[in-house]
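What follows is a single structure, written as structure tokens, with notes after it.
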Amino acid sequence: MTQRVQVIENILSANDQVALENRRLLEAANVYALNFMASPGAGKTSLIEQTLKRISSELHIAVVDGDIATSIDADRAAAAGALAIQINTGGECHLDAIMLKSALSELDLQGIDLLIVENVGNLVCPASFQLGTHQSVLIASIPEGDDKPYKYPGMYRGVDALVINKTDLLPYITFDMDYFRRGVEMLNPGLVTFPISCKTGEGLDSWIAWLRIQVSSHSIK
Amino acid sequence: MHELPVTESILEIALRYAGDAQANRITDLYLVIGQLATIVDDSIQFYWDIIARDTIAEGARLHFKRIPTQVKCQDCQLEYKPAELEFTCPECKSFRVQIVAGNEFYMDSIEVE
Ligand SMILES: Nc1nc2c(ncn2[C@@H]2O[C@H](COP(=O)(O)OP(=O)(O)OP(=O)(O)O)[C@@H](O)[C@H]2O)c(=O)[nH]1
Ligand SMILES: [Mg+2]
Ligand SMILES: [Zn+2]
């Protein structure tokens with residue numbers, strides 16, 4: 001005899017639960033956390049380096065680096081002055097809340113103002129796994145092409161800020177900025193956007209100003 | 001792709017509910033997937049056939065129900081099904097829209113015996 005059993009449970013509920021726990025841990029220590037997502041090579045680590053260079057004198061910053069196998073990025077973040085923790089995902093294409101949780105347990109959160117999580121380079125999977133960070137930032141880059149919002153709508157729809165890196169390459173690459181921005185506007189209207197170059201430093205001031213406001217408005221409440 | 005951990009999670013949930021119902025076998029699983037969820041049914045089926053083996057869910061059929069995206073305009077309150085990418089309100093052209101359906105990814109029920 002067959003019987004129907006009602007379930008109604010989110011498939012990713014285990015991850016979401018842990019993401020909530022992470023958020024509570026961060027809140028309790030008054031840490032503001034960002035999730036950096038991008039395709040491979042867009043400039044996540046470069047932006048972390050540039051950011052550290054500009055504000056590590058005013059804020060205590062920790063970086064958690066997700067990487068399939070190496071510690072290259074965590075080493076770069078550490079060299080730039082951050083407290084850096086490496087997570088090797090062992091082949092997984094994204095970080096999940098459980099991986100972040102174990103990284104958090106290695107950090108003294110009380111001493112940290114800003115936590116930056118560098119997700120695995122991938123425009124699909126990281127969007128589905130909440131980590132418990134406060135906001136997520138997508139780093140796009142000029143050489144990827146202007147059609148990426150149209151091809152990866154899930155990623156563009158879910159983020160709170162967009163950085164467009166490698167603007168120094170605009171003269172050499174066919175990239176229709178209006179077409180790109182129309183795609184972004186359609187998917188994520190009013191998204192705050194920072195065109196920057198980690199190479200020349202162009203545009204980084206506005207990014208840093210925004211970041212300062214996020215951290216300070218978080219620590220007030 | 002992350003369909004393997006997702007499929008493991010599906011198995012874990014199904015076994016837990018079947019255990020609570022003291023079932024001997026799971027025959028069917030009913031899953032609801034919103035159009036916006038980046039989940040591929042075929043890969044889940046592929047992993048399912050492997051990981052359900054030697055459990056009481058071996059051979060169970062997976063049923064996928066796709067939920068179309070539905071959004072609501074925050075300015076004129078219109079509810080509509082947007083075109084694949086264009087979310088802008090067709091009535092008042094507002095950008096301020098809220099997703100009311102399409103992000104679902106849950107198990108609705110299972111059939112056991
Ligand atoms: N021309 C130019 N090159 C840049 C810029 N930012 C980063 N790069 C280069 O792009 C390459 C990748 O940069 P990373 O910062 O390692 O990128 P990532 O997103 O961290 O890469 P993964 O972690 O491997 O996914 C490096 O060779 C950087 O030097 C930029 O603004 N302009
Ligand atoms: Mg990197
Ligand atoms: Zn409207």
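Labeling convention for the structure tokens: chains A, B, ... as they appear, residues from 1 per chain, ligands from 1 in order of appearance.
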Give me, as a tab-separated table, the closest atom pair and its distance (Å, one decimal) for every residue of chain B within a cut-off of 8 Å of chain A, counting only C-alpha atoms, rows sorted by chain and rising number.
```
residue	atom	partner	partner_atom	distance
B:Met1	CA	A:Cys93	CA	6.4
B:His2	CA	A:Cys125	CA	6.6
B:Val6	CA	A:Ile11	CA	7.0
B:Ser9	CA	A:Ile11	CA	6.2
B:Ile10	CA	A:Ile11	CA	6.1
B:Ile13	CA	A:Ile11	CA	7.7
B:Tyr17	CA	A:Val7	CA	7.1
B:Ala18	CA	A:Val5	CA	7.8
B:Ala21	CA	A:Val5	CA	7.6
B:Leu36	CA	A:Gly154	CA	6.8
B:Ala37	CA	A:Ser128	CA	7.6
B:Thr38	CA	A:Ser128	CA	7.3
B:Leu85	CA	A:Leu187	CA	6.8
B:Glu86	CA	A:Met186	CA	5.7
B:Phe87	CA	A:Met186	CA	5.9
B:Thr88	CA	A:Met186	CA	6.5
B:Phe95	CA	A:Pro189	CA	5.6
B:Arg96	CA	A:Pro189	CA	7.0
B:Phe105	CA	A:Asn10	CA	6.0
B:Tyr106	CA	A:Asn10	CA	4.1
B:Met107	CA	A:Ile8	CA	5.3
B:Asp108	CA	A:Ile8	CA	4.5
B:Ser109	CA	A:Gln6	CA	4.3
B:Ile110	CA	A:Val5	CA	5.3
B:Glu111	CA	A:Arg4	CA	4.4
B:Val112	CA	A:Gln3	CA	5.3
B:Glu113	CA	A:Thr2	CA	4.4
```
Keeping N, CA and C atoms for every residue in the selection just given, could you write it to a file as a tab-separated table (two decimals), in the first residue's frame?
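Output (out.tsv):
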```tsv
chain	number	residue	atom	x	y	z
B	1	MET	N	29.64	21.40	-11.60
B	1	MET	CA	28.28	21.77	-11.14
B	1	MET	C	27.99	21.16	-9.77
B	2	HIS	N	27.04	21.73	-9.09
B	2	HIS	CA	26.82	21.31	-7.71
B	2	HIS	C	25.64	20.37	-7.56
B	6	VAL	N	23.52	18.56	-4.07
B	6	VAL	CA	22.08	18.80	-4.07
B	6	VAL	C	21.33	17.47	-4.05
B	9	SER	N	21.48	15.90	-0.73
B	9	SER	CA	20.55	16.55	0.18
B	9	SER	C	19.12	16.04	-0.04
B	10	ILE	N	18.77	15.81	-1.30
B	10	ILE	CA	17.43	15.27	-1.63
B	10	ILE	C	17.27	13.89	-0.99
B	13	ILE	N	16.87	14.14	2.87
B	13	ILE	CA	15.53	14.58	3.29
B	13	ILE	C	14.51	13.45	3.11
B	17	TYR	N	12.23	11.59	6.12
B	17	TYR	CA	10.76	11.55	6.20
B	17	TYR	C	10.22	10.13	6.09
B	18	ALA	N	10.88	9.31	5.25
B	18	ALA	CA	10.44	7.92	5.12
B	18	ALA	C	10.65	7.18	6.43
B	21	ALA	N	8.00	7.97	8.84
B	21	ALA	CA	6.73	7.31	8.49
B	21	ALA	C	6.86	5.79	8.58
B	36	LEU	N	13.94	30.16	-11.92
B	36	LEU	CA	15.16	30.92	-11.67
B	36	LEU	C	16.22	30.12	-10.92
B	37	ALA	N	15.84	28.97	-10.39
B	37	ALA	CA	16.83	28.16	-9.66
B	37	ALA	C	17.73	27.49	-10.69
B	38	THR	N	19.04	27.57	-10.45
B	38	THR	CA	19.97	27.03	-11.45
B	38	THR	C	20.21	25.55	-11.20
B	85	LEU	N	14.39	37.51	-19.80
B	85	LEU	CA	15.35	38.39	-19.16
B	85	LEU	C	14.76	39.73	-18.74
B	86	GLU	N	13.80	40.19	-19.49
B	86	GLU	CA	13.25	41.53	-19.28
B	86	GLU	C	12.27	41.53	-18.11
B	87	PHE	N	12.70	42.09	-16.98
B	87	PHE	CA	11.83	42.07	-15.80
B	87	PHE	C	11.00	43.34	-15.66
B	88	THR	N	11.31	44.36	-16.43
B	88	THR	CA	10.63	45.66	-16.31
B	88	THR	C	9.11	45.51	-16.44
B	95	PHE	N	11.16	49.68	-12.80
B	95	PHE	CA	12.20	48.69	-12.56
B	95	PHE	C	12.03	48.04	-11.19
B	96	ARG	N	11.18	48.66	-10.37
B	96	ARG	CA	11.08	48.17	-8.99
B	96	ARG	C	10.14	46.98	-8.95
B	105	PHE	N	12.90	25.89	-4.56
B	105	PHE	CA	13.63	24.63	-4.75
B	105	PHE	C	13.39	23.78	-3.51
B	106	TYR	N	12.31	23.02	-3.53
B	106	TYR	CA	11.99	22.24	-2.34
B	106	TYR	C	11.36	20.90	-2.69
B	107	MET	N	11.30	20.03	-1.68
B	107	MET	CA	10.65	18.74	-1.84
B	107	MET	C	9.23	18.90	-1.32
B	108	ASP	N	8.29	18.61	-2.19
B	108	ASP	CA	6.89	18.77	-1.79
B	108	ASP	C	6.42	17.56	-0.99
B	109	SER	N	6.69	16.37	-1.51
B	109	SER	CA	6.22	15.16	-0.83
B	109	SER	C	6.94	13.94	-1.39
B	110	ILE	N	6.74	12.84	-0.71
B	110	ILE	CA	7.26	11.56	-1.22
B	110	ILE	C	6.15	10.53	-1.14
B	111	GLU	N	6.25	9.50	-1.96
B	111	GLU	CA	5.32	8.38	-1.84
B	111	GLU	C	6.10	7.18	-1.33
B	112	VAL	N	5.56	6.55	-0.32
B	112	VAL	CA	6.27	5.43	0.31
B	112	VAL	C	5.35	4.23	0.45
B	113	GLU	N	5.95	3.08	0.67
B	113	GLU	CA	5.12	1.92	1.00
B	113	GLU	C	5.80	1.08	2.07
```
Surrounding residues of Cys198 in chain A excluding itself and chain neighbours under 4 positions, 9 Å, only C-alpha atoms, as a list of chain:residue names: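 That gives A:Gly43, A:Ser46, A:Leu47, A:Glu49, A:Gln50, A:Asn165, A:Lys166, A:Thr167, A:Asp168, A:Glu202, A:Gly203, A:Leu204.
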Residues just named, written with N, CA and C atoms as a compact mmCIF listing (two decimals), in the first residue's frame:
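Result saved to part12.txt:
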```txt
# COMPACT_ATOMS: atom_id res chain seq x y z
N GLY A 43 39.49 39.26 -11.36
CA GLY A 43 40.23 40.22 -10.54
C GLY A 43 39.79 40.28 -9.09
N SER A 46 42.93 40.61 -7.01
CA SER A 46 43.52 41.93 -7.27
C SER A 46 42.73 43.02 -6.54
N LEU A 47 41.40 42.92 -6.56
CA LEU A 47 40.59 43.93 -5.88
C LEU A 47 40.80 43.85 -4.37
N GLU A 49 43.57 42.94 -2.92
CA GLU A 49 44.89 43.56 -2.68
C GLU A 49 44.78 45.08 -2.71
N GLN A 50 44.09 45.61 -3.71
CA GLN A 50 43.97 47.06 -3.84
C GLN A 50 43.17 47.66 -2.67
N ASN A 165 35.76 45.52 -13.58
CA ASN A 165 37.22 45.67 -13.48
C ASN A 165 37.88 45.67 -14.87
N LYS A 166 39.13 46.09 -14.87
CA LYS A 166 39.98 46.11 -16.07
C LYS A 166 39.51 47.13 -17.10
N THR A 167 39.01 48.27 -16.63
CA THR A 167 38.58 49.31 -17.58
C THR A 167 39.77 49.84 -18.39
N ASP A 168 41.00 49.62 -17.90
CA ASP A 168 42.17 50.04 -18.68
C ASP A 168 42.25 49.29 -20.01
N GLU A 202 42.23 53.54 -11.30
CA GLU A 202 41.08 54.34 -11.67
C GLU A 202 39.79 53.80 -11.05
N GLY A 203 38.99 54.69 -10.48
CA GLY A 203 37.68 54.29 -9.96
C GLY A 203 37.72 53.66 -8.57
N LEU A 204 38.88 53.35 -8.06
CA LEU A 204 38.94 52.66 -6.77
C LEU A 204 38.48 53.54 -5.60
```
In chain B, DSSP strand (DSSP E or B) residues written as an NGL selection string: :B and (26-34 or 61-67 or 70-73 or 79-80 or 97-101 or 105-112)
Atomic separation - CA of Lys53 in chain A relative to atom 6 (N, counted along the ligand's line) of ligand 1, Å: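 Between atom 6 (N, counted along the ligand's line) of ligand 1 and CA of Lys53 in chain A the gap works out to 14.4 Å.
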With the cut-off set at 6 Å and counting only C-alpha atoms and all ligand atoms, tabulate each residue of chain A with an atom at most that distance from an atom of ligand 2, showing the nearest atom pair and its distance in Å to one decimal, ordered by chain and increasing number, as a Markdown table.
```
| residue | atom | partner | partner_atom_place_in_ligand_line | distance |
| --- | --- | --- | --- | --- |
| A:Lys44 | CA | ligand 2 | 1 (Mg) | 5.2 |
| A:Thr45 | CA | ligand 2 | 1 (Mg) | 4.2 |
| A:Asp73 | CA | ligand 2 | 1 (Mg) | 5.2 |
```
How would the residues just picked look written out with N, CA, C and O atoms as a PDB file, in the first residue's frame?
```
ATOM      1  N   LYS A  44      39.227  39.189  -8.581  1.00  0.00           N
ATOM      2  CA  LYS A  44      38.793  39.163  -7.180  1.00  0.00           C
ATOM      3  C   LYS A  44      39.976  39.413  -6.248  1.00  0.00           C
ATOM      4  O   LYS A  44      39.920  40.283  -5.372  1.00  0.00           O
ATOM      5  N   THR A  45      41.043  38.646  -6.445  1.00  0.00           N
ATOM      6  CA  THR A  45      42.203  38.786  -5.562  1.00  0.00           C
ATOM      7  C   THR A  45      42.869  40.150  -5.765  1.00  0.00           C
ATOM      8  O   THR A  45      43.303  40.779  -4.797  1.00  0.00           O
ATOM      9  N   ASP A  73      45.996  32.501  -3.661  1.00  0.00           N
ATOM     10  CA  ASP A  73      45.242  33.728  -3.388  1.00  0.00           C
ATOM     11  C   ASP A  73      45.331  34.136  -1.923  1.00  0.00           C
ATOM     12  O   ASP A  73      45.472  35.313  -1.603  1.00  0.00           O
TER      13      ASP A  73
END
```
Enumerate residues in contact with ligand 3: an atom-to-atom distance of at most 10 Å, counting only C-alpha atoms and all ligand atoms. Format the result as a PDB file with N, CA and C atoms, in the first residue's frame.
```pdb
ATOM      1  N   LYS B  72       6.095  40.988  -9.196  1.00  0.00           N
ATOM      2  CA  LYS B  72       5.086  41.992  -8.877  1.00  0.00           C
ATOM      3  C   LYS B  72       5.721  43.367  -8.929  1.00  0.00           C
ATOM      4  N   CYS B  73       5.084  44.264  -9.632  1.00  0.00           N
ATOM      5  CA  CYS B  73       5.583  45.631  -9.741  1.00  0.00           C
ATOM      6  C   CYS B  73       5.279  46.366  -8.437  1.00  0.00           C
ATOM      7  N   GLN B  74       6.307  46.976  -7.857  1.00  0.00           N
ATOM      8  CA  GLN B  74       6.129  47.668  -6.580  1.00  0.00           C
ATOM      9  C   GLN B  74       5.476  49.026  -6.763  1.00  0.00           C
ATOM     10  N   ASP B  75       5.419  49.508  -7.999  1.00  0.00           N
ATOM     11  CA  ASP B  75       4.820  50.823  -8.229  1.00  0.00           C
ATOM     12  C   ASP B  75       3.344  50.735  -8.588  1.00  0.00           C
ATOM     13  N   CYS B  76       2.987  49.840  -9.535  1.00  0.00           N
ATOM     14  CA  CYS B  76       1.558  49.771  -9.919  1.00  0.00           C
ATOM     15  C   CYS B  76       0.907  48.480  -9.449  1.00  0.00           C
ATOM     16  N   GLN B  77       1.651  47.656  -8.708  1.00  0.00           N
ATOM     17  CA  GLN B  77       1.125  46.417  -8.105  1.00  0.00           C
ATOM     18  C   GLN B  77       0.758  45.335  -9.108  1.00  0.00           C
ATOM     19  N   LEU B  78       1.041  45.547 -10.395  1.00  0.00           N
ATOM     20  CA  LEU B  78       0.727  44.533 -11.401  1.00  0.00           C
ATOM     21  C   LEU B  78       1.554  43.269 -11.156  1.00  0.00           C
ATOM     22  N   GLU B  79       0.901  42.099 -11.252  1.00  0.00           N
ATOM     23  CA  GLU B  79       1.636  40.837 -11.180  1.00  0.00           C
ATOM     24  C   GLU B  79       1.696  40.251 -12.572  1.00  0.00           C
ATOM     25  N   TYR B  80       2.866  39.835 -12.989  1.00  0.00           N
ATOM     26  CA  TYR B  80       2.992  39.315 -14.355  1.00  0.00           C
ATOM     27  C   TYR B  80       4.132  38.324 -14.460  1.00  0.00           C
ATOM     28  N   THR B  88      11.314  44.364 -16.425  1.00  0.00           N
ATOM     29  CA  THR B  88      10.631  45.657 -16.315  1.00  0.00           C
ATOM     30  C   THR B  88       9.110  45.512 -16.444  1.00  0.00           C
ATOM     31  N   CYS B  89       8.374  46.277 -15.660  1.00  0.00           N
ATOM     32  CA  CYS B  89       6.904  46.216 -15.688  1.00  0.00           C
ATOM     33  C   CYS B  89       6.370  46.618 -17.069  1.00  0.00           C
ATOM     34  N   PRO B  90       5.544  45.761 -17.675  1.00  0.00           N
ATOM     35  CA  PRO B  90       5.036  46.072 -19.021  1.00  0.00           C
ATOM     36  C   PRO B  90       4.025  47.228 -18.987  1.00  0.00           C
ATOM     37  N   GLU B  91       3.437  47.476 -17.818  1.00  0.00           N
ATOM     38  CA  GLU B  91       2.385  48.481 -17.684  1.00  0.00           C
ATOM     39  C   GLU B  91       2.986  49.872 -17.484  1.00  0.00           C
ATOM     40  N   CYS B  92       3.789  50.009 -16.417  1.00  0.00           N
ATOM     41  CA  CYS B  92       4.278  51.354 -16.069  1.00  0.00           C
ATOM     42  C   CYS B  92       5.788  51.489 -16.269  1.00  0.00           C
ATOM     43  N   LYS B  93       6.430  50.436 -16.810  1.00  0.00           N
ATOM     44  CA  LYS B  93       7.870  50.459 -17.124  1.00  0.00           C
ATOM     45  C   LYS B  93       8.764  50.588 -15.885  1.00  0.00           C
ATOM     46  N   SER B  94       8.186  50.350 -14.733  1.00  0.00           N
ATOM     47  CA  SER B  94       8.986  50.471 -13.515  1.00  0.00           C
ATOM     48  C   SER B  94      10.025  49.353 -13.439  1.00  0.00           C
ATOM     49  N   PHE B  95      11.161  49.680 -12.801  1.00  0.00           N
ATOM     50  CA  PHE B  95      12.203  48.695 -12.559  1.00  0.00           C
ATOM     51  C   PHE B  95      12.030  48.045 -11.191  1.00  0.00           C
ATOM     52  N   ARG B  96      11.182  48.656 -10.373  1.00  0.00           N
ATOM     53  CA  ARG B  96      11.082  48.170  -8.993  1.00  0.00           C
ATOM     54  C   ARG B  96      10.136  46.979  -8.946  1.00  0.00           C
ATOM     55  N   VAL B  97      10.689  45.814  -9.200  1.00  0.00           N
ATOM     56  CA  VAL B  97       9.851  44.623  -9.193  1.00  0.00           C
ATOM     57  C   VAL B  97      10.358  43.636  -8.151  1.00  0.00           C
TER      58      VAL B  97
END
```
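Note that the spacing between CA of Arg76 in chain A and atom 3 (N, counted along the ligand's line) of ligand 1 amounts to 15.6 Å.
Nearest to Glu12 in chain B of all the residues B:Leu31, B:Ile44, B:Ile39, B:Ala57 is B:Ala57, based on only C-alpha atoms.
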Residues near Ala77 in chain A, cut-off 12 Å, only C-alpha atoms, skip fewer than 6 positions along chain, as number ranges by chain: A: 44-53, 56, 61-65, 71, 83-86, 115-118
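Ranking B:Leu15, B:Ile26, B:Ile99, B:Leu62 by their shortest atom-to-atom distance to Gln45 in chain B, with only C-alpha atoms included, puts B:Leu62 first.
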DSSP-assigned helix (DSSP H, G or I) members of range 91-204 of chain A, reported as number ranges by chain: A: 97-104, 109-111, 125-128, 142-144, 148-151, 153-158, 167-172, 177-187, 204
Proximity to ligand 1 - best of A:Ala19, A:Leu169, A:Met177, A:Leu25, only C-alpha atoms and all ligand atoms: A:Leu169
For Ile56 in chain B: contacts at 10 Å, only C-alpha atoms, fewer than 3 positions along chain excluded, given as a VMD selection string: chain B and resid 14 to 15 18 to 19 23 to 27 52 to 53 59 to 60 112
Export of prior selection with all heavy atoms as a compact mmCIF listing (two decimals), in the first residue's frame:
```txt
# COMPACT_ATOMS: atom_id res chain seq x y z
N ALA B 14 14.57 12.79 1.95
CA ALA B 14 13.60 11.73 1.66
C ALA B 14 13.72 10.58 2.66
O ALA B 14 12.72 10.08 3.19
CB ALA B 14 13.78 11.22 0.23
N LEU B 15 14.97 10.19 2.97
CA LEU B 15 15.17 9.08 3.91
C LEU B 15 14.68 9.45 5.31
O LEU B 15 14.10 8.63 6.02
CB LEU B 15 16.66 8.68 3.97
CG LEU B 15 17.23 8.02 2.70
CD1 LEU B 15 18.72 7.74 2.88
CD2 LEU B 15 16.48 6.73 2.35
N ALA B 18 10.88 9.31 5.25
CA ALA B 18 10.44 7.92 5.12
C ALA B 18 10.65 7.18 6.43
O ALA B 18 9.83 6.37 6.86
CB ALA B 18 11.19 7.24 3.98
N GLY B 19 11.77 7.48 7.11
CA GLY B 19 12.06 6.87 8.40
C GLY B 19 10.99 7.24 9.42
O GLY B 19 10.47 6.38 10.14
N ALA B 23 8.45 3.75 6.75
CA ALA B 23 8.21 3.13 5.44
C ALA B 23 9.31 2.12 5.12
O ALA B 23 10.43 2.22 5.63
CB ALA B 23 8.20 4.22 4.38
N ASN B 24 8.96 1.17 4.25
CA ASN B 24 9.95 0.18 3.82
C ASN B 24 10.62 0.57 2.51
O ASN B 24 11.70 0.09 2.19
CB ASN B 24 9.28 -1.19 3.62
CG ASN B 24 8.71 -1.69 4.93
OD1 ASN B 24 9.38 -1.63 5.96
ND2 ASN B 24 7.46 -2.15 4.89
N ARG B 25 9.91 1.41 1.77
CA ARG B 25 10.42 1.75 0.44
C ARG B 25 9.89 3.12 0.03
O ARG B 25 8.76 3.49 0.36
CB ARG B 25 9.91 0.70 -0.57
CG ARG B 25 10.85 0.46 -1.74
CD ARG B 25 10.46 -0.85 -2.45
NE ARG B 25 9.41 -0.61 -3.45
CZ ARG B 25 9.66 -0.13 -4.67
NH1 ARG B 25 10.89 0.18 -5.04
NH2 ARG B 25 8.69 0.05 -5.53
N ILE B 26 10.74 3.86 -0.69
CA ILE B 26 10.29 5.12 -1.27
C ILE B 26 10.10 4.87 -2.76
O ILE B 26 11.02 4.37 -3.43
CB ILE B 26 11.34 6.23 -1.07
CG1 ILE B 26 11.63 6.44 0.43
CG2 ILE B 26 10.88 7.54 -1.71
CD1 ILE B 26 12.79 7.40 0.71
N THR B 27 8.92 5.19 -3.27
CA THR B 27 8.67 4.91 -4.69
C THR B 27 8.72 6.16 -5.56
O THR B 27 9.08 6.09 -6.73
CB THR B 27 7.29 4.25 -4.89
OG1 THR B 27 6.29 5.14 -4.37
CG2 THR B 27 7.23 2.91 -4.17
N ALA B 52 21.21 6.65 -4.84
CA ALA B 52 20.07 6.03 -4.15
C ALA B 52 20.23 4.50 -4.08
O ALA B 52 19.50 3.82 -3.36
CB ALA B 52 18.76 6.39 -4.85
N ARG B 53 21.17 3.99 -4.83
CA ARG B 53 21.41 2.54 -4.86
C ARG B 53 21.67 2.01 -3.44
O ARG B 53 22.31 2.70 -2.62
CB ARG B 53 22.65 2.28 -5.74
CG ARG B 53 22.63 0.96 -6.46
CD ARG B 53 23.78 0.88 -7.46
NE ARG B 53 23.50 1.63 -8.69
CZ ARG B 53 24.45 2.04 -9.54
NH1 ARG B 53 25.72 1.83 -9.28
NH2 ARG B 53 24.11 2.68 -10.64
N GLY B 59 15.66 3.12 -7.09
CA GLY B 59 14.64 2.95 -8.13
C GLY B 59 13.46 3.92 -8.02
O GLY B 59 12.56 3.89 -8.86
N ALA B 60 13.46 4.78 -7.00
CA ALA B 60 12.34 5.72 -6.86
C ALA B 60 12.33 6.69 -8.04
O ALA B 60 13.37 7.08 -8.54
CB ALA B 60 12.46 6.47 -5.54
N VAL B 112 5.56 6.55 -0.32
CA VAL B 112 6.27 5.43 0.31
C VAL B 112 5.35 4.23 0.45
O VAL B 112 4.14 4.35 0.32
CB VAL B 112 6.78 5.84 1.72
CG1 VAL B 112 7.72 7.02 1.65
CG2 VAL B 112 5.61 6.14 2.66
```
